[in-house]
Amino acid sequence: MNALLWNVQGMGNPWTVRTLKSLVQHWCPELVFISESRLNKMRAENLRVALGFVGCFVVEAKGKSGGLVLMWSDKITCNILSFSSFHIDSFIRKEEDQGWRFTCFYGDPDPSKRGDSWTVLNRVGRMYTGPWLIGGDFNEILRQKEKKGGQQKPRYLINNFRKALDDCYLREVEFEGNLFTWCNGRQDNLIFERLDRACGNSDWFDMFPAAKVFHLERINSDHCPLLLTCAQQQLDSVKGVRWHSRFHFEHAWAEEETCVELVTKSWGLAL
C-alpha cells in the first residue's frame with residue numbers, strides 16, 4: 001500500500017493541483033493526506049472527484065489558513081475515529097487484511113502553542129491499542145542536524161517533541177531522499193528543516209516491516225511530499241524508478257559568495 005502525505009500550502013494555485021494529480025497518477029496511493037489545504041468541504045469534494053478517490057473527510061480551513069483533507073481509494077475501507085483542526089484519526093482496512101490505525105497530523109505552527117499539539121497526540125494515543133501510524137507535518141524537528149540555517153532550535157522544543165513520541169511508543173519510519181522537507185525560500189535568511197515524517201508503533205512495524213518513506217521533489221509548496229510505501233514489492237518498484245528532478249532556481253543561492261565561482265566552473269566543464 002502507498003500513502004501520500006503533503007503540506008500543500010494551499011490548493012488555490014492550479015499548478016499545485018496539477019502537481020498533486022501527477023503524483024497520484026504516478027504513485028497510485030490508496031491514501032492521500034493534505035495539510036494546510038485551505039479548502040472548504042465543497043472544494044475538497046471537487047478535488048476528490050478530480051483525483052478519482054471514492055472517499056474524503058475534510059476539516060475545513062478557518063479563514064485563509066489551515067484545513068486538512070484525507071482521501072482514500074476503493075481498494076481500502078476507511079473509518080474516521082476523531083478529528084480536530086490538527087488531526088484526523090482513522091482506521092484502515094484493506095480487503096481481508098488486519099486493520100490498522102492511521103492518524104494524519106499537523107503540528108501547531110506557533111511554537112508557544114505546540115505543547116497543545118503534543119497533548120492531542122497523547123490523547124489520541126491513549127484511545128486505541130494495536131498497529132498505529134501517525135504522519136504529516138509536525139512543525140518540529142527531533143535533532144539539531146535536521147535544521148540548516150537561522151538560529152539554533154531551542155532545546156526544550158526538541159525535547160518536548162521527543163517526549164511526545166516516546167510517551168506514545170512511536171518511532172520513525174526510515175526515509176530516503178533529501179534530509180530536509182521544508183524550506184522558507186527567503187533570500188536573506190534561508191532555512192531548511194525536516195518537519196514532515198511518519199512514525200509507527202511496534203505493532204505497525206510488525207505488520208509492515210519493509211515500510212519506508214521517500215522524500216519526493218519539492219514543487220509548488222515549501223514542503224516536499226512524502227511517499228509512504230508499506231510492502232516490499234512496492235518498495236522495489238519505487239527504488240526501480242529513475243528519479244528525474246526538475247531544476248528549480250532558488251533566488252537565495254545568488255546571495256552566496258561562492259555562487260559566481262561555482263556557476264563559472266560548472267559552465268567551463270560543460271564546454
# chains A, B, ... in the order shown; residues from 1 in each chain; ligands from 1

call {"tool": "select_by_dssp", "arguments": {"residues": "stretch 110-250 of chain A", "states": "helix (DSSP H, G or I)", "output": "MDAnalysis selection string"}}
result
chainID A and resid 111:125 144:146 155:167 202:207 232:239

call {"tool": "select_by_dssp", "arguments": {"residues": "stretch 69-107 of chain A", "states": "strand (DSSP E or B)", "output": "list in words"}}
result
Val69, Leu70, Met71, Trp72, Thr77, Cys78, Asn79, Ile80, Leu81, Ser82, Phe83, Ser84, His87, Ile88, Asp89, Ser90, Phe91, Ile92, Arg93, Trp100, Arg101, Phe102, Thr103, Cys104, Phe105 and Tyr106 of chain A

call {"tool": "residues_around", "arguments": {"residues": "A:Leu23", "least_positions_apart": "6", "cutoff": "10 Å", "atoms": "only C-alpha atoms", "output": "PyMOL selection string"}}
result
chain A and resi 4+17+29+216+225+227

call {"tool": "write_last_selection", "arguments": {"atoms": "C-alpha atoms", "output": "PDB file, in the first residue's frame"}}
result
ATOM      1  CA  LEU A   4       0.961  10.307   0.049  1.00  0.00           C
ATOM      2  CA  VAL A  17      -3.490  20.865  -8.180  1.00  0.00           C
ATOM      3  CA  PRO A  29      -1.570   5.933  -3.467  1.00  0.00           C
ATOM      4  CA  LEU A 216       9.867  13.492  -3.178  1.00  0.00           C
ATOM      5  CA  PRO A 225       5.542  15.419  -0.478  1.00  0.00           C
ATOM      6  CA  LEU A 227       5.500   8.856  -0.218  1.00  0.00           C
TER       7      LEU A 227
END

call {"tool": "closest_residue", "arguments": {"among": "A:Ser82, A:Gln144, A:Gln9, A:Asn159", "to": "A:Ala61", "atoms": "only C-alpha atoms"}}
result
A:Gln9

call {"tool": "closest_atom_pairs", "arguments": {"of": "stretch 151-188 of chain A", "to": "stretch 112-132 of chain A", "cutoff": "12 Å", "atoms": "only C-alpha atoms", "output": "JSON lines"}}
result
{"residue": "A:Pro154", "atom": "CA", "partner": "A:Ser112", "partner_atom": "CA", "distance": 11.9}
{"residue": "A:Tyr156", "atom": "CA", "partner": "A:Gly115", "partner_atom": "CA", "distance": 10.8}
{"residue": "A:Leu157", "atom": "CA", "partner": "A:Arg114", "partner_atom": "CA", "distance": 8.4}
{"residue": "A:Ile158", "atom": "CA", "partner": "A:Arg114", "partner_atom": "CA", "distance": 10.9}
{"residue": "A:Asn159", "atom": "CA", "partner": "A:Gly115", "partner_atom": "CA", "distance": 11.2}
{"residue": "A:Asn160", "atom": "CA", "partner": "A:Gly115", "partner_atom": "CA", "distance": 7.5}
{"residue": "A:Phe161", "atom": "CA", "partner": "A:Trp118", "partner_atom": "CA", "distance": 7.2}
{"residue": "A:Arg162", "atom": "CA", "partner": "A:Trp118", "partner_atom": "CA", "distance": 9.9}
{"residue": "A:Lys163", "atom": "CA", "partner": "A:Trp118", "partner_atom": "CA", "distance": 8.9}
{"residue": "A:Ala164", "atom": "CA", "partner": "A:Trp118", "partner_atom": "CA", "distance": 5.7}
{"residue": "A:Leu165", "atom": "CA", "partner": "A:Leu121", "partner_atom": "CA", "distance": 8.4}
{"residue": "A:Asp166", "atom": "CA", "partner": "A:Asn122", "partner_atom": "CA", "distance": 9.9}
{"residue": "A:Asp167", "atom": "CA", "partner": "A:Asn122", "partner_atom": "CA", "distance": 7.2}
{"residue": "A:Cys168", "atom": "CA", "partner": "A:Gly125", "partner_atom": "CA", "distance": 5.9}
{"residue": "A:Tyr169", "atom": "CA", "partner": "A:Gly125", "partner_atom": "CA", "distance": 9.0}
{"residue": "A:Leu170", "atom": "CA", "partner": "A:Trp132", "partner_atom": "CA", "distance": 8.6}
{"residue": "A:Arg171", "atom": "CA", "partner": "A:Trp132", "partner_atom": "CA", "distance": 10.8}
{"residue": "A:Glu172", "atom": "CA", "partner": "A:Trp132", "partner_atom": "CA", "distance": 11.9}
{"residue": "A:Val173", "atom": "CA", "partner": "A:Trp132", "partner_atom": "CA", "distance": 12.0}

call {"tool": "write_last_selection", "arguments": {"atoms": "N, CA and C atoms", "output": "short mmCIF file (atom, residue, chain, number, x, y, z; two decimals), in the first residue's frame"}}
result
data_model
loop_
_atom_site.label_atom_id
_atom_site.label_comp_id
_atom_site.auth_asym_id
_atom_site.auth_seq_id
_atom_site.Cartn_x
_atom_site.Cartn_y
_atom_site.Cartn_z
N PRO A 154 15.58 25.92 19.84
CA PRO A 154 15.62 25.78 21.31
C PRO A 154 15.52 24.32 21.72
N TYR A 156 14.42 22.86 24.34
CA TYR A 156 13.21 22.40 25.01
C TYR A 156 12.12 22.01 24.00
N LEU A 157 12.10 22.67 22.83
CA LEU A 157 11.11 22.32 21.81
C LEU A 157 11.39 20.92 21.26
N ILE A 158 12.67 20.65 21.01
CA ILE A 158 13.06 19.31 20.53
C ILE A 158 12.74 18.26 21.58
N ASN A 159 13.08 18.53 22.83
CA ASN A 159 12.84 17.57 23.90
C ASN A 159 11.35 17.29 24.09
N ASN A 160 10.52 18.32 23.94
CA ASN A 160 9.07 18.13 24.09
C ASN A 160 8.53 17.23 22.98
N PHE A 161 9.04 17.40 21.77
CA PHE A 161 8.61 16.55 20.65
C PHE A 161 9.05 15.11 20.88
N ARG A 162 10.30 14.94 21.28
CA ARG A 162 10.81 13.59 21.55
C ARG A 162 9.98 12.90 22.64
N LYS A 163 9.67 13.64 23.68
CA LYS A 163 8.91 13.06 24.79
C LYS A 163 7.51 12.64 24.33
N ALA A 164 6.90 13.46 23.47
CA ALA A 164 5.56 13.14 22.97
C ALA A 164 5.58 11.83 22.20
N LEU A 165 6.59 11.63 21.35
CA LEU A 165 6.69 10.38 20.61
C LEU A 165 7.01 9.21 21.53
N ASP A 166 7.91 9.43 22.49
CA ASP A 166 8.27 8.36 23.42
C ASP A 166 7.08 7.93 24.27
N ASP A 167 6.30 8.91 24.72
CA ASP A 167 5.14 8.60 25.55
C ASP A 167 4.12 7.75 24.80
N CYS A 168 4.10 7.88 23.46
CA CYS A 168 3.16 7.10 22.64
C CYS A 168 3.82 5.85 22.04
N TYR A 169 5.08 5.60 22.42
CA TYR A 169 5.82 4.42 21.95
C TYR A 169 5.91 4.41 20.42
N LEU A 170 6.23 5.57 19.86
CA LEU A 170 6.34 5.71 18.41
C LEU A 170 7.80 5.89 18.02
N ARG A 171 8.16 5.33 16.88
CA ARG A 171 9.48 5.57 16.30
C ARG A 171 9.34 5.86 14.82
N GLU A 172 10.34 6.50 14.26
CA GLU A 172 10.26 6.97 12.89
C GLU A 172 10.35 5.84 11.87
N VAL A 173 9.63 6.00 10.78
CA VAL A 173 9.81 5.15 9.61
C VAL A 173 11.04 5.65 8.86
#

call {"tool": "residues_around", "arguments": {"residues": "A:Trp100", "least_positions_apart": "6", "cutoff": "9 Å", "atoms": "only C-alpha atoms", "output": "list in words"}}
result
Ser90, Phe91, Ile92, Arg93, Gly130, Pro131, Trp132, Leu133, Trp204 and Met207 of chain A

call {"tool": "residues_around", "arguments": {"residues": "A:Leu190", "least_positions_apart": "3", "cutoff": "9 Å", "atoms": "only C-alpha atoms", "output": "list in words"}}
result
Lys148, Gly149, Gly150, Cys183, Asn184, Gly185, Arg186, Gln187, Ala252 and Trp253 of chain A

call {"tool": "closest_residue", "arguments": {"among": "A:Phe57, A:Phe83, A:Phe214, A:Phe208", "to": "A:Thr181", "atoms": "only C-alpha atoms"}}
result
A:Phe214
